[in-house]
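Shown next: work-v5.csv, given as CSV, C-alpha atoms and all ligand atoms.
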```
chain,number,residue,atom,x,y,z
A,236,MET,CA,-4.5,-23.5,-18.2
A,237,LYS,CA,-1.5,-21.3,-18.1
A,238,ILE,CA,-1.1,-18.0,-16.2
A,239,ALA,CA,1.4,-15.2,-16.7
A,240,VAL,CA,2.6,-13.8,-13.4
A,241,TYR,CA,3.9,-10.2,-13.8
A,242,SER,CA,6.1,-8.2,-11.4
A,243,ALA,CA,7.1,-11.5,-9.9
A,244,GLN,CA,9.9,-11.5,-7.3
A,245,PRO,CA,11.5,-14.7,-6.0
A,246,TYR,CA,9.3,-14.5,-2.8
A,247,ASP,CA,6.1,-14.3,-4.9
A,248,ARG,CA,7.1,-17.4,-6.8
A,249,ARG,CA,7.8,-19.3,-3.6
A,250,PHE,CA,4.3,-18.6,-2.1
A,251,LEU,CA,2.4,-18.8,-5.4
A,252,ASP,CA,4.0,-22.2,-6.3
A,253,GLU,CA,3.0,-23.5,-2.9
A,254,ALA,CA,-0.6,-22.5,-3.4
A,255,ARG,CA,-0.7,-23.5,-7.1
A,256,ALA,CA,-0.1,-27.1,-6.0
A,257,THR,CA,-3.7,-27.1,-4.8
A,258,LEU,CA,-5.0,-26.5,-8.3
A,259,PRO,CA,-3.9,-29.3,-10.6
A,260,GLY,CA,-3.6,-28.5,-14.3
A,261,VAL,CA,-2.5,-24.9,-13.7
A,262,GLU,CA,0.9,-23.8,-15.0
A,263,ALA,CA,2.5,-20.5,-14.1
A,264,VAL,CA,5.1,-18.5,-16.0
A,265,TYR,CA,6.9,-15.8,-14.0
A,266,PHE,CA,8.1,-12.5,-15.3
A,267,SER,CA,9.9,-9.8,-13.2
A,268,ASP,CA,8.6,-7.3,-15.8
A,269,ARG,CA,5.7,-4.9,-14.9
A,270,LEU,CA,2.5,-5.4,-17.0
A,271,GLU,CA,2.2,-2.5,-19.4
A,272,LEU,CA,1.4,-2.4,-23.1
A,273,ASP,CA,4.9,-3.4,-24.2
A,274,THR,CA,5.0,-6.5,-21.9
A,275,VAL,CA,1.5,-7.8,-22.9
A,276,PRO,CA,3.1,-10.2,-25.5
A,277,LEU,CA,4.7,-12.1,-22.6
A,278,ALA,CA,1.1,-13.4,-21.8
A,279,GLN,CA,0.8,-15.0,-25.3
A,280,GLY,CA,-0.6,-18.5,-24.8
A,281,CYS,CA,-1.9,-17.7,-21.3
A,282,THR,CA,-5.6,-17.4,-20.4
A,283,ALA,CA,-5.0,-15.5,-17.1
A,284,VAL,CA,-2.6,-12.9,-15.8
A,285,CYS,CA,-1.6,-12.4,-12.2
A,286,VAL,CA,-0.7,-8.8,-11.3
A,287,PHE,CA,0.4,-6.5,-8.4
A,288,VAL,CA,0.0,-2.9,-7.3
A,289,ASN,CA,2.1,-1.2,-9.9
A,290,ASP,CA,1.1,-3.1,-13.0
A,291,ILE,CA,-0.9,-1.1,-15.5
A,292,LEU,CA,-4.4,-2.3,-16.3
A,293,ASP,CA,-5.8,0.5,-18.3
A,294,ALA,CA,-8.1,0.1,-21.3
A,295,PRO,CA,-5.4,-0.4,-24.0
A,296,VAL,CA,-3.6,-3.0,-21.8
A,297,LEU,CA,-6.8,-4.9,-21.1
A,298,GLU,CA,-7.8,-4.8,-24.8
A,299,ALA,CA,-4.4,-6.1,-25.8
A,300,LEU,CA,-4.6,-8.9,-23.2
A,301,HIS,CA,-8.0,-9.9,-24.3
A,302,ALA,CA,-6.8,-10.0,-28.0
A,303,ALA,CA,-4.0,-12.2,-26.8
A,304,GLY,CA,-6.5,-14.7,-25.4
A,305,VAL,CA,-6.5,-13.6,-21.7
A,306,ARG,CA,-9.8,-14.0,-20.0
A,307,ALA,CA,-9.0,-13.6,-16.3
A,308,VAL,CA,-7.1,-10.9,-14.3
A,309,LEU,CA,-6.0,-12.0,-10.9
A,310,LEU,CA,-4.8,-9.2,-8.6
A,311,ARG,CA,-2.6,-10.3,-5.8
A,312,CYS,CA,-3.5,-7.2,-3.8
A,313,ALA,CA,-6.5,-5.4,-2.3
A,314,GLY,CA,-6.4,-2.0,-4.0
A,315,PHE,CA,-7.6,-1.9,-7.6
A,316,ASN,CA,-7.0,1.8,-8.4
A,317,ASN,CA,-4.8,0.7,-11.3
A,318,VAL,CA,-7.6,-1.2,-13.1
A,319,ASP,CA,-10.0,0.3,-15.7
A,320,LEU,CA,-13.2,-1.4,-14.4
A,321,HIS,CA,-15.3,-0.1,-17.3
A,322,ALA,CA,-12.9,-1.6,-19.9
A,323,GLY,CA,-12.7,-4.9,-18.0
A,324,ALA,CA,-16.5,-5.2,-17.9
A,325,ARG,CA,-16.9,-4.3,-21.6
A,326,LEU,CA,-14.4,-7.0,-22.5
A,327,GLY,CA,-16.1,-9.5,-20.2
A,328,LEU,CA,-12.9,-10.2,-18.3
A,329,PHE,CA,-13.1,-12.1,-15.0
A,330,MET,CA,-11.2,-9.8,-12.5
A,331,ALA,CA,-10.7,-10.6,-8.9
A,332,ARG,CA,-8.6,-9.3,-6.0
A,333,VAL,CA,-7.4,-10.4,-2.6
A,334,PRO,CA,-9.5,-8.0,-0.4
A,335,ALA,CA,-8.1,-8.6,3.0
A,336,TYR,CA,-5.1,-10.8,3.3
A,337,ALA,CA,-3.6,-9.6,6.6
A,338,PRO,CA,-5.0,-6.3,7.6
A,339,GLU,CA,-3.0,-6.6,10.9
A,340,ALA,CA,0.2,-6.8,8.9
A,341,VAL,CA,-0.3,-3.3,7.3
A,342,ALA,CA,-1.6,-1.8,10.6
A,343,GLU,CA,1.4,-3.2,12.5
A,344,HIS,CA,3.7,-1.7,9.9
A,345,ALA,CA,2.0,1.7,10.4
A,346,LEU,CA,2.8,1.3,14.1
A,347,ALA,CA,6.4,0.3,13.3
A,348,LEU,CA,6.7,3.5,11.3
A,349,VAL,CA,5.3,5.7,14.1
A,350,MET,CA,7.5,4.0,16.7
A,351,THR,CA,10.6,4.4,14.6
A,352,LEU,CA,10.0,8.0,13.6
A,353,ASN,CA,8.9,9.0,17.0
A,354,ARG,CA,11.7,7.5,19.0
A,355,ARG,CA,14.3,7.8,16.2
A,356,THR,CA,15.4,4.1,16.5
A,357,HIS,CA,16.6,4.2,12.9
A,358,ARG,CA,19.1,7.0,13.8
A,359,ALA,CA,20.0,5.4,17.2
A,360,TYR,CA,20.8,2.1,15.5
A,361,VAL,CA,23.4,3.7,13.3
A,362,ARG,CA,24.8,6.0,16.0
A,363,VAL,CA,25.3,3.2,18.5
A,364,ARG,CA,27.1,1.1,16.0
A,365,GLU,CA,29.5,3.9,15.5
A,366,GLY,CA,30.1,4.2,19.2
A,367,ASN,CA,28.1,7.4,19.6
A,368,PHE,CA,25.8,7.1,22.6
A,369,ALA,CA,24.7,10.8,22.7
A,370,LEU,CA,21.0,11.3,23.0
A,371,ASP,CA,20.8,14.7,21.4
A,372,GLY,CA,18.4,14.6,18.4
A,373,LEU,CA,16.6,11.4,19.6
A,374,LEU,CA,13.9,13.1,21.8
A,375,GLY,CA,10.5,11.6,21.2
A,376,MET,CA,7.0,11.9,22.7
A,377,THR,CA,5.1,9.5,24.9
A,378,LEU,CA,2.3,8.0,22.8
A,379,HIS,CA,0.1,7.2,25.8
A,380,GLY,CA,-2.5,10.0,26.0
A,381,LYS,CA,-1.9,11.3,22.5
A,382,THR,CA,-4.6,11.6,19.8
A,383,VAL,CA,-4.3,9.4,16.8
A,384,GLY,CA,-6.5,10.1,13.7
A,385,ILE,CA,-7.4,7.2,11.4
A,386,VAL,CA,-8.6,8.2,8.0
A,387,GLY,CA,-10.5,5.2,6.5
A,388,ALA,CA,-11.6,2.7,9.2
A,389,GLY,CA,-12.1,-0.4,7.0
A,390,GLN,CA,-10.2,-3.6,7.6
A,391,ILE,CA,-6.7,-2.1,8.1
A,392,GLY,CA,-7.9,1.2,9.6
A,393,ALA,CA,-9.9,-0.7,12.2
A,394,CYS,CA,-6.9,-2.8,13.2
A,395,ALA,CA,-4.8,0.4,13.4
A,396,ALA,CA,-7.4,2.0,15.6
A,397,ARG,CA,-7.4,-1.0,18.0
A,398,ILE,CA,-3.6,-1.0,18.2
A,399,PHE,CA,-3.4,2.7,19.1
A,400,HIS,CA,-6.3,2.4,21.5
A,401,GLY,CA,-4.3,-0.4,23.2
A,402,LEU,CA,-1.3,2.0,23.6
A,403,GLY,CA,-3.6,4.3,25.5
A,404,CYS,CA,-4.1,6.8,22.7
A,405,LYS,CA,-7.4,8.6,22.1
A,406,VAL,CA,-8.4,7.4,18.6
A,407,LEU,CA,-10.5,9.5,16.2
A,408,VAL,CA,-11.7,8.0,12.9
A,409,SER,CA,-13.1,9.6,9.7
A,410,ASP,CA,-14.9,7.3,7.3
A,411,PRO,CA,-18.1,7.9,5.3
A,412,ALA,CA,-19.2,4.3,5.9
A,413,PRO,CA,-20.4,3.1,9.3
A,414,THR,CA,-17.7,1.4,11.4
A,415,PRO,CA,-19.7,-0.3,14.2
A,416,GLN,CA,-16.7,-2.6,15.2
A,417,LEU,CA,-15.0,0.4,16.7
A,418,ASN,CA,-17.5,1.1,19.5
A,419,GLY,CA,-15.5,1.8,22.7
A,420,VAL,CA,-12.2,2.0,20.7
A,421,ALA,CA,-12.6,5.1,18.6
A,422,GLU,CA,-14.7,8.2,18.1
A,423,ARG,CA,-16.2,8.9,14.7
A,424,THR,CA,-15.8,12.4,13.4
A,425,SER,CA,-15.2,14.5,10.3
A,426,LEU,CA,-11.9,14.5,8.3
A,427,ASP,CA,-11.4,18.2,9.3
A,428,ALA,CA,-11.8,17.3,13.0
A,429,VAL,CA,-9.4,14.4,12.7
A,430,LEU,CA,-6.8,16.6,11.0
A,431,ALA,CA,-7.3,19.5,13.5
A,432,GLN,CA,-7.1,17.4,16.7
A,433,SER,CA,-4.7,14.5,16.0
A,434,ASP,CA,-1.0,14.4,17.0
A,435,ILE,CA,-0.6,11.5,14.5
A,436,VAL,CA,-2.8,11.0,11.3
A,437,SER,CA,-2.7,7.6,9.6
A,438,LEU,CA,-4.2,7.2,6.2
A,439,HIS,CA,-6.1,3.9,5.4
A,440,CYS,CA,-8.6,4.8,2.8
A,441,PRO,CA,-8.5,3.6,-0.8
A,442,LEU,CA,-7.2,5.8,-3.7
A,443,MET,CA,-10.1,7.0,-5.8
A,444,ASP,CA,-10.9,10.2,-7.6
A,445,ALA,CA,-12.6,11.5,-4.4
A,446,THR,CA,-9.5,10.7,-2.3
A,447,ARG,CA,-6.7,11.7,-4.6
A,448,HIS,CA,-4.5,14.4,-3.0
A,449,MET,CA,-6.8,14.5,0.0
A,450,ILE,CA,-3.7,15.6,1.8
A,451,ASN,CA,-2.9,18.9,0.1
A,452,SER,CA,-1.9,22.4,1.1
A,453,ASP,CA,-5.3,23.2,2.5
A,454,SER,CA,-5.7,20.0,4.6
A,455,LEU,CA,-2.1,20.3,5.8
A,456,ALA,CA,-2.8,23.8,7.0
A,457,GLY,CA,-5.8,22.4,8.9
A,458,MET,CA,-3.5,19.9,10.8
A,459,LYS,CA,-2.2,20.4,14.3
A,460,ARG,CA,1.2,22.2,13.9
A,461,GLY,CA,4.0,19.7,14.2
A,462,ALA,CA,1.8,16.6,13.8
A,463,MET,CA,3.0,13.3,12.2
A,464,LEU,CA,1.5,12.0,9.0
A,465,VAL,CA,1.6,8.3,8.1
A,466,ASN,CA,0.6,6.8,4.8
A,467,THR,CA,0.6,3.0,4.3
A,468,SER,CA,-2.3,3.1,1.8
A,469,ARG,CA,-1.6,4.6,-1.6
A,470,GLY,CA,0.8,7.3,-2.5
A,471,GLY,CA,-1.8,9.3,-4.5
A,472,LEU,CA,-3.6,10.2,-1.3
A,473,ILE,CA,-0.9,12.8,-0.7
A,474,ASP,CA,0.2,15.8,-2.8
A,475,THR,CA,3.9,15.3,-2.2
A,476,ALA,CA,5.0,18.8,-3.2
A,477,ALA,CA,2.6,20.3,-0.7
A,478,VAL,CA,3.9,17.9,2.0
A,479,ILE,CA,7.5,19.0,1.3
A,480,ASP,CA,6.4,22.6,1.7
A,481,ALA,CA,4.7,21.8,5.0
A,482,LEU,CA,7.8,19.9,6.2
A,483,LYS,CA,10.0,22.9,5.3
A,484,SER,CA,7.8,25.3,7.2
A,485,GLY,CA,7.5,23.0,10.3
A,486,GLN,CA,3.7,22.8,9.9
A,487,LEU,CA,4.2,19.1,9.4
A,488,GLY,CA,6.4,17.6,12.1
A,489,ALA,CA,7.2,14.3,10.6
A,490,LEU,CA,6.2,12.1,7.7
A,491,ALA,CA,6.3,8.3,7.4
A,492,ILE,CA,5.3,6.7,4.1
A,493,ASP,CA,5.3,3.1,2.8
A,494,VAL,CA,3.8,4.3,-0.5
A,495,TYR,CA,4.7,7.1,-2.8
A,496,GLU,CA,2.8,8.5,-5.8
A,497,GLN,CA,5.5,7.8,-8.3
A,498,GLU,CA,6.6,4.6,-6.6
A,499,SER,CA,6.1,2.4,-9.7
A,500,THR,CA,9.5,3.5,-11.2
A,501,LEU,CA,11.3,2.9,-7.9
A,502,PHE,CA,9.8,0.4,-5.5
A,503,PHE,CA,10.3,-3.4,-5.4
A,504,GLN,CA,13.7,-3.0,-7.4
A,505,ASP,CA,17.3,-2.5,-6.3
A,506,HIS,CA,18.3,1.0,-7.5
A,507,SER,CA,21.3,1.3,-5.2
A,508,SER,CA,23.7,1.7,-8.1
A,509,ASP,CA,21.5,4.0,-10.1
A,510,ILE,CA,21.1,7.8,-10.4
A,511,ILE,CA,17.6,8.4,-9.1
A,512,ALA,CA,15.9,11.0,-11.4
A,513,ASP,CA,12.9,11.7,-9.2
A,514,ASP,CA,13.9,15.0,-7.6
A,515,VAL,CA,10.8,15.1,-5.4
A,516,PHE,CA,11.6,11.7,-3.9
A,517,GLN,CA,15.2,12.7,-3.4
A,518,ARG,CA,14.2,15.9,-1.7
A,519,LEU,CA,12.0,13.8,0.7
A,520,MET,CA,15.1,11.7,1.5
A,521,THR,CA,17.0,14.8,2.8
A,522,PHE,CA,14.6,15.4,5.7
A,523,PRO,CA,15.7,13.9,9.1
A,524,ASN,CA,12.1,13.7,10.1
A,525,VAL,CA,11.0,11.6,7.0
A,526,LEU,CA,10.9,7.8,7.0
A,527,VAL,CA,10.2,5.9,3.8
A,528,THR,CA,9.8,2.2,3.3
A,529,GLY,CA,9.2,0.6,-0.1
A,530,HIS,CA,5.7,-0.7,0.1
A,531,GLN,CA,6.4,-3.5,2.5
A,532,GLY,CA,3.3,-3.1,4.8
A,533,PHE,CA,1.8,-6.3,3.5
A,534,PHE,CA,5.1,-8.3,3.6
A,535,THR,CA,4.7,-10.9,6.2
A,536,ILE,CA,4.7,-14.7,5.8
A,537,GLU,CA,1.1,-15.0,6.8
A,538,ALA,CA,0.0,-12.3,4.3
A,539,MET,CA,2.0,-13.8,1.5
A,540,ARG,CA,0.4,-17.2,2.1
A,541,GLU,CA,-3.0,-15.7,2.2
A,542,ILE,CA,-2.5,-13.7,-1.0
A,543,ALA,CA,-1.3,-16.8,-2.8
A,544,ALA,CA,-4.2,-19.0,-1.5
A,545,VAL,CA,-6.9,-16.5,-2.3
A,546,THR,CA,-5.4,-15.8,-5.8
A,547,PHE,CA,-5.7,-19.4,-6.7
A,548,ALA,CA,-9.2,-19.7,-5.1
A,549,ASN,CA,-10.2,-16.8,-7.3
A,550,LEU,CA,-8.8,-18.6,-10.3
A,551,ALA,CA,-10.7,-21.8,-9.3
A,552,CYS,CA,-14.0,-19.7,-9.3
A,553,HIS,CA,-13.2,-18.6,-12.8
A,554,MET,CA,-12.3,-22.1,-14.0
A,555,GLN,CA,-15.5,-23.5,-12.5
A,556,ASP,CA,-17.6,-20.5,-13.6
A,557,SER,CA,-18.9,-20.2,-10.0
A,558,PRO,CA,-19.7,-16.9,-8.2
A,559,CYS,CA,-16.6,-15.2,-6.8
A,560,ALA,CA,-16.9,-13.0,-3.7
A,561,ASN,CA,-13.7,-11.3,-4.6
A,562,ALA,CA,-14.7,-10.2,-8.1
A,563,LEU,CA,-14.0,-6.6,-8.8
A,564,PRO,CA,-17.1,-4.4,-9.1
A,565,HIS,CA,-18.3,-4.1,-12.7
A,566,THR,CA,-19.2,-0.5,-13.2
A,601,LIG,P1,-11.2,-1.4,3.2
A,601,LIG,O1,-12.0,-1.3,1.9
A,601,LIG,O2,-11.5,-2.5,4.2
A,601,LIG,O3,-11.3,0.0,3.9
A,601,LIG,C1,-11.2,1.2,3.3
A,601,LIG,C2,-12.1,2.2,4.1
A,601,LIG,O4,-11.9,3.5,3.6
A,601,LIG,C3,-13.6,1.9,4.0
A,601,LIG,O5,-14.2,1.7,5.3
A,601,LIG,C4,-14.1,3.1,3.3
A,601,LIG,O6,-15.5,3.4,3.6
A,601,LIG,C5,-13.1,4.2,3.7
A,601,LIG,N1,-13.2,5.4,2.8
A,601,LIG,C6,-13.5,5.5,1.6
A,601,LIG,N2,-13.5,6.8,1.2
A,601,LIG,C7,-13.0,7.5,2.3
A,601,LIG,C8,-12.8,8.9,2.5
A,601,LIG,N3,-12.9,9.8,1.6
A,601,LIG,N4,-12.4,9.2,3.8
A,601,LIG,C9,-12.2,8.3,4.8
A,601,LIG,N5,-12.5,7.0,4.6
A,601,LIG,C10,-12.8,6.6,3.3
A,601,LIG,O7,-9.7,-1.5,2.7
A,601,LIG,P2,-8.4,-2.0,3.6
A,601,LIG,O8,-8.3,-3.4,3.4
A,601,LIG,O9,-8.5,-1.5,4.9
A,601,LIG,O10,-7.2,-1.3,2.8
A,601,LIG,C11,-7.1,0.1,2.8
A,601,LIG,C12,-6.1,0.5,1.8
A,601,LIG,O11,-4.8,0.1,2.2
A,601,LIG,C13,-6.2,-0.1,0.4
A,601,LIG,O12,-7.1,0.6,-0.4
A,601,LIG,C14,-4.8,-0.2,-0.1
A,601,LIG,O13,-4.6,1.0,-0.9
A,601,LIG,C15,-3.9,-0.1,1.1
A,601,LIG,N6,-3.1,-1.3,1.3
A,601,LIG,C16,-1.7,-1.1,1.5
A,601,LIG,C17,-0.9,-2.1,1.7
A,601,LIG,C18,0.6,-1.9,1.9
A,601,LIG,O14,1.3,-2.9,1.8
A,601,LIG,N7,1.1,-0.8,2.3
A,601,LIG,C19,-1.4,-3.5,1.6
A,601,LIG,C20,-2.9,-3.6,1.5
A,601,LIG,C21,-3.7,-2.5,1.3
```
Written as structure tokens, that's how I'd like the structure from this file.
Amino acid sequence: MKIAVYSAQPYDRRFLDEARATLPGVEAVYFSDRLELDTVPLAQGCTAVCVFVNDILDAPVLEALHAAGVRAVLLRCAGFNNVDLHAGARLGLFMARVPAYAPEAVAEHALALVMTLNRRTHRAYVRVREGNFALDGLLGMTLHGKTVGIVGAGQIGACAARIFHGLGCKVLVSDPAPTPQLNGVAERTSLDAVLAQSDIVSLHCPLMDATRHMINSDSLAGMKRGAMLVNTSRGGLIDTAAVIDALKSGQLGALAIDVYEQESTLFFQDHSSDIIADDVFQRLMTFPNVLVTGHQGFFTIEAMREIAAVTFANLACHMQDSPCANALPHT
């Protein structure tokens, strides 16, 4: 069996090849290209494709893959907002994801963003290297005693709640599902209350129709003035234009994002010699109180190993026609 690995970077190849060794008879071909209609022909002769967060798996792409002989779609990520589940089910495709490879890695990255933005270590690093030891502009707040709101208290949100609780913060969570593992760590409340009371709001819920642009001009107006917003989940949770307005007015005090709604044309590639055409993104980059990382929350050795191992375990389920706990819901 041959699998086509899309959006493959050298680090993906390293970890996937290690895990592939455990599944004899499986050959992998790696493409740096993103999966979209034009790149479907790369999967010719393959019975499975392996994809990542910004690959496109809408109905036309899934139909074209199926026509090319592909029967399995292996997501090497947790979120599956980029997959047309109806189309996959109609075509009888096996589709599986890696639901929780290292929730701590993403939660720790959210903490890194908060710490950096709050204490301006990114600015201090540059200043000190230039011999400038002035503190003006580097004033932060003590996190101990502050209120942190976690929106979405699943695997990653629960880790984030425990981390901020450990720092001595009061932690509020908003999640429509029960979160019993947070007893004694966080207080459950509504989204409106989380937004109104938190000094820092960290988003950890999936991107779905119901959550798209959950942070918009109305919800921003309901936040504590000057609060910090952190998004390590999916860019589409935030209406970026509304966030820019809130930053300009001072209603939003700081923004840290590891994900961006239009990230698929930017992230995971070196654009340092290119003219970036995305004016909204470029406007964000002008704010001193905005910190952006390029979707690296998951990027630890442990998480990469887990992603690769679970991806091939999912493929083994497909090859053996055995039940797969990580199969995507067939709607
Ligand atoms: P999870 O499925 O364990 O938890 C998601 C939680 O969000 C669930 O408890 C669910 O009930 C809750 N939720 C659903 N709708 C909600 C709403 N309207 N308001 C508040 N909560 C809501 O997922 P997990 O593993 O914690 O991942 C969360 C998200 O993190 C993923 O969907 C993915 O988009 C993102 N992610 C980002 C990574 C990165 O590298 N930056 C890496 C991995 C995941």
message: Between CA of Gly470 (chain A) and atom N2 of ligand LIG 601 (chain A), what distance in Å does the model show, to one decimal?
response: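 Result for CA of Gly470 (chain A) versus atom N2 of ligand LIG 601 (chain A): 14.8 Å, one decimal.
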Take every atom of ligand LIG 601 (chain A) listed in the file, fit an axis-aligned box around them, add 4 Å per side, and give the centre and edge lengths in Å to one decimal as lines of an AutoDock Vina configuration file.
```
center_x = -7.1
center_y = 3.1
center_z = 2.2
size_x = 24.8
size_y = 21.4
size_z = 14.2
```
Practice task
Grab me every residue within 9 Å of ligand LIG 601 (chain A), counting all atoms listed in the file, and send it over as a VMD selection string.
Solution key: chain A and resid 288 312 to 316 334 to 338 340 to 342 344 to 345 385 to 394 408 to 414 425 to 426 438 to 443 445 to 447 449 466 to 470 492 to 494 529 to 534
CA of Ala302 (chain A) to CA of Arg325 (chain A) measures 13.2 Å
Env of Val296 (chain A): 10 Å cut, atoms = all atoms listed in the file, seq-sep filter 5 positions within chain, self excluded. Answer as a PyMOL selection string. chain A and resi 270-275+290-291+301-302+318-319+322
- Two-atom distance - CA of Leu526 (chain A), CA of Phe503 (chain A) (Å):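 Going from CA of Leu526 (chain A) over to CA of Phe503 (chain A), I get 16.7 Å.
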inquiry  = Set the distance at 10 Å and use only C-alpha atoms: which residues neighbour Leu519 (chain A) once local chain neighbours fewer than 2 positions away are removed? I'd like the list as JSON, numbers by chain.
reply    = {"A": [475, 476, 478, 479, 482, 490, 514, 515, 516, 517, 521, 522, 523, 524, 525, 526, 527]}
Item to complete: Could you give me, as a ChimeraX atom specification, the residues that sit within 10 Å of (11.5, 4.5, 21.7) in the file's coordinates, counting only C-alpha atoms?
Response: /A:349-356,359,373-378
### Message
Using all atoms listed in the file, which protein or nucleic acid residues come within 10 Å of region 458-462 of chain A? Drop anything in the same chain fewer than 3 positions from it, and give the result as a list of chain:residue names.
### Response
A:Val383, A:Asp427, A:Ala428, A:Val429, A:Leu430, A:Ala431, A:Gln432, A:Ser433, A:Asp434, A:Ile435, A:Val436, A:Ile450, A:Asp453, A:Ser454, A:Leu455, A:Ala481, A:Leu482, A:Ser484, A:Gly485, A:Gln486, A:Leu487, A:Gly488, A:Ala489, A:Leu490
_Minimum-distance residue to Thr382 (chain A), chosen among A:Asn367, A:Asn418, A:Leu309, A:Met463 (using all atoms listed in the file)_ =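 Result for the nearest residue to Thr382 (chain A): A:Met463.
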Exercise. With a distance cut-off of 9 Å and all atoms listed in the file, select the neighbouring residues of Phe266 (chain A), excluding the residue or stretch itself and same-chain residues fewer than 3 positions from it, and output the selection as a PyMOL selection string.
Key: chain A and resi 239-244+269+277
Open item on the list: Please determine, counting only C-alpha atoms, which residue among A:Ile398, A:Ala421, A:Leu472, A:Leu297 has the shortest atom-to-atom distance to Glu339 (chain A).
Closed with: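 So, comparing all the options, the nearest one is A:Ile398.
With all atoms listed in the file as the atoms that count, the minimum distance from Leu550 (chain A) to the choices A:Ala456, A:Lys483, A:Ala562, A:Ala369 is reached by A:Ala562.
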| said: Restricting the calculation to only C-alpha atoms: of A:Gly280, A:Pro245, A:Pro558, A:Pro415, which residue gets closest to Ser267 (chain A)? | reply: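 Among the listed residues, A:Pro245 lies closest to Ser267 (chain A).
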Counting all atoms listed in the file, closest pick from A:Ala560, A:Ala395, A:Thr528, A:Gly384 relative to Arg423 (chain A) is A:Gly384
- region 246-258 of chain A: which residues within 10 Å, counting all atoms listed in the file, same-chain residues fewer than 4 positions away excluded, as a list in words?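 Surrounding residues, per the criterion: Val240, Ser242, Glu262, Ala263, Val264, Tyr265, Phe266, Arg311, Phe534, Ile536, Ala538, Met539, Arg540, Glu541, Ile542, Ala543, Ala544, Val545, Thr546, Phe547, Ala548, Leu550 and Ala551 of chain A.
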